[in-house]
Amino acid sequence: MMESHVDLGFLLQALTPSWNSVPLLVGFFTYLAVAGSILPGKLVPGVALLDGTRLHYCCNGLLSLLLLVALLGIGAKMGFVSPTAISDRGLELLSTTFAFSFLVTLILHFSGCKSQSKGSSLKPHLSGNLIHDWWFGIQLNPQFMGIDLKAGMMGWLLINLSILMKSIQDGTLSQSMILYQLFCALYILDYFVHEEYMTSTWDIIAERLGFMLVFGDLVWIPFSFSIQGWWLLMNSVELTPAAIVANCFVFLIGYMVFRGANKQKHVFKKNPKAPIWGKPPKVIGGKLLASGYWGIARHCNYLGDLMLALSFSLPCGISSPIPYFYPIYLLILLIWRERRDEARCAEKYREIWAEYRKLVPWRILPYVY
């Protein structure tokens, strides 16, 4: 009984926000603010908002990420920073980041309430329900200290790299850890290479910025998506050559479907006549793409996303469900989102959507779902 009390006490202490983690967060967000404003990048016009205006995004995320990793590497080499600073803090950093996201949301809410803007981007949308407005946000595209809070998975990569250095330091580096790190790094780098595609996603063009999105960006993505790395840091997993090959196959197929489908959609929005797989695209009602991946299954990009998520967990083996938290969560989320997308598209496109559903009856998974 005493041991359980000690363990509980240790857990509560680890989950308590600490001022020791504040310099890490301040340094990280200061870098994002400075790098985001001075580094060059492709200027991409966003989707037209309801008032006809467009935001323009400087897509310099990849350069910013590579520069940050290089600076941290040089700093670690010279002894200015510890490469395991993040992995040594773990839950303490998690709780501190949670507190920070809560504070940021309050600032965004109260500054938004005072906004006199009439434009779609910053016009406050107040429902009268304080909890609802705080959770879902009242402005579409506010910024905090010059940082676009809807951008980036840099925190996820930094956590993973710190976990990797911790495993090297402890002498526990394994094939499983290398495979997990490789897949995640490729996925994150690809995200920034195709950063332009993110400007037309639902989160950017339609979701207002409240606690839900701030928490998701600052806490949920970096800390929950890295559960596999933390698990491998504490558990040894030996993979057979066949398992490694199978895992690579899942990742590559998932990436091909995920990136291919999203690229086809993005290209179609910019040029509806652009060839898909070498052929003129089939378009329903002049609005809906029914060629390529989008002629195989509706929302087929979700299938690629799910396969990628699974590939991040497979290096952990099957001895525990804990490393599979991310793909299980993503499966539930995407099924719910697919239902929401279906309802929204049915209302928006009406007869055109009904025709598209007849032509492409499968949802996410061809011939099954």
# chains A, B, ... in the order shown; residues from 1 in each chain; ligands from 1
>>> select_by_dssp(residues="region 39-258 of chain A", states="helix (DSSP H, G or I)", output="NGL selection string")
:A and (61-77 or 85-89 or 91-113 or 130-136 or 154-170 or 175-193 or 195-200 or 202-205 or 211-224 or 227-234 or 241-258)
>>> select_by_dssp(residues="region 53-214 of chain A", states="strand (DSSP E)", output="PyMOL selection string")
chain A and resi 56-59
>>> residues_around(residues="Thr96 (chain A)", least_positions_apart="2", cutoff="10 Å", atoms="only C-alpha atoms", output="PyMOL selection string")
chain A and resi 15-22+25+91-94+98-102+219
>>> closest_residue(among="A:Asp217, A:Glu196, A:Glu355, A:Glu238", to="Leu43 (chain A)", atoms="only C-alpha atoms")
A:Glu196
>>> residues_around(residues="Pro272 (chain A)", least_positions_apart="2", cutoff="9 Å", atoms="only C-alpha atoms", output="ChimeraX atom specification")
/A:267-270,274-275,281,283,286-287,289
>>> write_last_selection(atoms="all heavy atoms", output="short mmCIF file (atom, residue, chain, number, x, y, z; two decimals), in the first residue's frame")
data_model
loop_
_atom_site.label_atom_id
_atom_site.label_comp_id
_atom_site.auth_asym_id
_atom_site.auth_seq_id
_atom_site.Cartn_x
_atom_site.Cartn_y
_atom_site.Cartn_z
N VAL A 267 -4.38 20.05 -56.15
CA VAL A 267 -4.16 20.42 -57.56
C VAL A 267 -5.50 20.69 -58.25
O VAL A 267 -5.62 21.64 -59.04
CB VAL A 267 -3.38 19.30 -58.29
CG1 VAL A 267 -3.37 19.56 -59.79
CG2 VAL A 267 -1.96 19.20 -57.75
N PHE A 268 -6.51 19.88 -57.95
CA PHE A 268 -7.83 20.05 -58.57
C PHE A 268 -8.43 21.39 -58.19
O PHE A 268 -9.07 22.06 -59.03
CB PHE A 268 -8.75 18.92 -58.13
CG PHE A 268 -10.16 19.07 -58.62
CD1 PHE A 268 -10.49 18.86 -59.95
CD2 PHE A 268 -11.18 19.43 -57.74
CE1 PHE A 268 -11.80 19.01 -60.40
CE2 PHE A 268 -12.48 19.58 -58.17
CZ PHE A 268 -12.79 19.37 -59.51
N LYS A 269 -8.24 21.82 -56.94
CA LYS A 269 -8.79 23.11 -56.51
C LYS A 269 -8.13 24.27 -57.25
O LYS A 269 -8.77 25.28 -57.53
CB LYS A 269 -8.60 23.28 -55.00
CG LYS A 269 -9.53 22.42 -54.16
CD LYS A 269 -9.33 22.67 -52.68
CE LYS A 269 -10.30 21.85 -51.84
NZ LYS A 269 -10.12 22.09 -50.38
N LYS A 270 -6.84 24.11 -57.56
CA LYS A 270 -6.12 25.18 -58.26
C LYS A 270 -6.35 25.12 -59.77
O LYS A 270 -6.41 26.15 -60.43
CB LYS A 270 -4.62 25.08 -57.96
CG LYS A 270 -4.28 25.30 -56.49
CD LYS A 270 -2.78 25.27 -56.25
CE LYS A 270 -2.10 26.46 -56.87
NZ LYS A 270 -0.66 26.52 -56.54
N ALA A 274 -6.48 19.83 -64.62
CA ALA A 274 -5.18 19.15 -64.55
C ALA A 274 -5.38 17.64 -64.60
O ALA A 274 -6.29 17.10 -63.95
CB ALA A 274 -4.46 19.54 -63.26
N PRO A 275 -4.55 16.92 -65.36
CA PRO A 275 -4.70 15.47 -65.48
C PRO A 275 -4.53 14.76 -64.13
O PRO A 275 -3.73 15.17 -63.30
CB PRO A 275 -3.58 15.08 -66.45
CG PRO A 275 -3.22 16.33 -67.16
CD PRO A 275 -3.46 17.44 -66.20
N PRO A 281 -9.48 14.63 -65.67
CA PRO A 281 -10.25 14.28 -64.46
C PRO A 281 -11.74 14.17 -64.74
O PRO A 281 -12.29 14.88 -65.58
CB PRO A 281 -9.96 15.45 -63.51
CG PRO A 281 -9.67 16.60 -64.42
CD PRO A 281 -8.96 16.01 -65.61
N VAL A 283 -15.25 14.95 -63.37
CA VAL A 283 -15.77 15.93 -62.42
C VAL A 283 -17.29 15.85 -62.40
O VAL A 283 -17.94 15.85 -63.46
CB VAL A 283 -15.31 17.36 -62.80
CG1 VAL A 283 -15.81 18.36 -61.76
CG2 VAL A 283 -13.79 17.42 -62.92
N GLY A 286 -19.22 19.83 -62.15
CA GLY A 286 -18.23 20.89 -62.24
C GLY A 286 -17.55 21.23 -60.94
O GLY A 286 -16.75 22.17 -60.88
N LYS A 287 -17.82 20.45 -59.86
CA LYS A 287 -17.29 20.80 -58.55
C LYS A 287 -16.57 19.66 -57.83
O LYS A 287 -15.64 19.90 -57.07
CB LYS A 287 -18.42 21.31 -57.65
CG LYS A 287 -19.07 22.61 -58.13
CD LYS A 287 -20.17 23.06 -57.18
CE LYS A 287 -20.79 24.37 -57.63
NZ LYS A 287 -21.86 24.82 -56.69
N LEU A 289 -14.39 16.17 -57.60
CA LEU A 289 -13.45 15.30 -58.29
C LEU A 289 -13.82 13.84 -58.07
O LEU A 289 -14.02 13.40 -56.93
CB LEU A 289 -12.03 15.56 -57.76
CG LEU A 289 -10.91 14.67 -58.30
CD1 LEU A 289 -10.74 14.87 -59.81
CD2 LEU A 289 -9.60 14.95 -57.57
#
>>> closest_residue(among="A:Ala343, A:Leu179, A:Cys59, A:Ala76", to="Val245 (chain A)", atoms="only C-alpha atoms")
A:Leu179
>>> residues_around(residues="region 294-310 of chain A", least_positions_apart="5", cutoff="6 Å", atoms="only C-alpha atoms", output="PyMOL selection string")
chain A and resi 251+254+257-258+261+327+360+362-364+366
>>> closest_residue(among="A:Gln169, A:Leu252, A:Val44, A:Tyr197", to="Phe312 (chain A)", atoms="only C-alpha atoms")
A:Leu252
>>> residues_around(residues="Gln264 (chain A)", least_positions_apart="6", cutoff="8 Å", atoms="only C-alpha atoms", output="list in words")
Ile276, Gly292 and Tyr293 of chain A
>>> closest_residue(among="A:Gly61, A:Pro323, A:Gly79, A:Gly260", to="Ala33 (chain A)", atoms="only C-alpha atoms")
A:Gly61
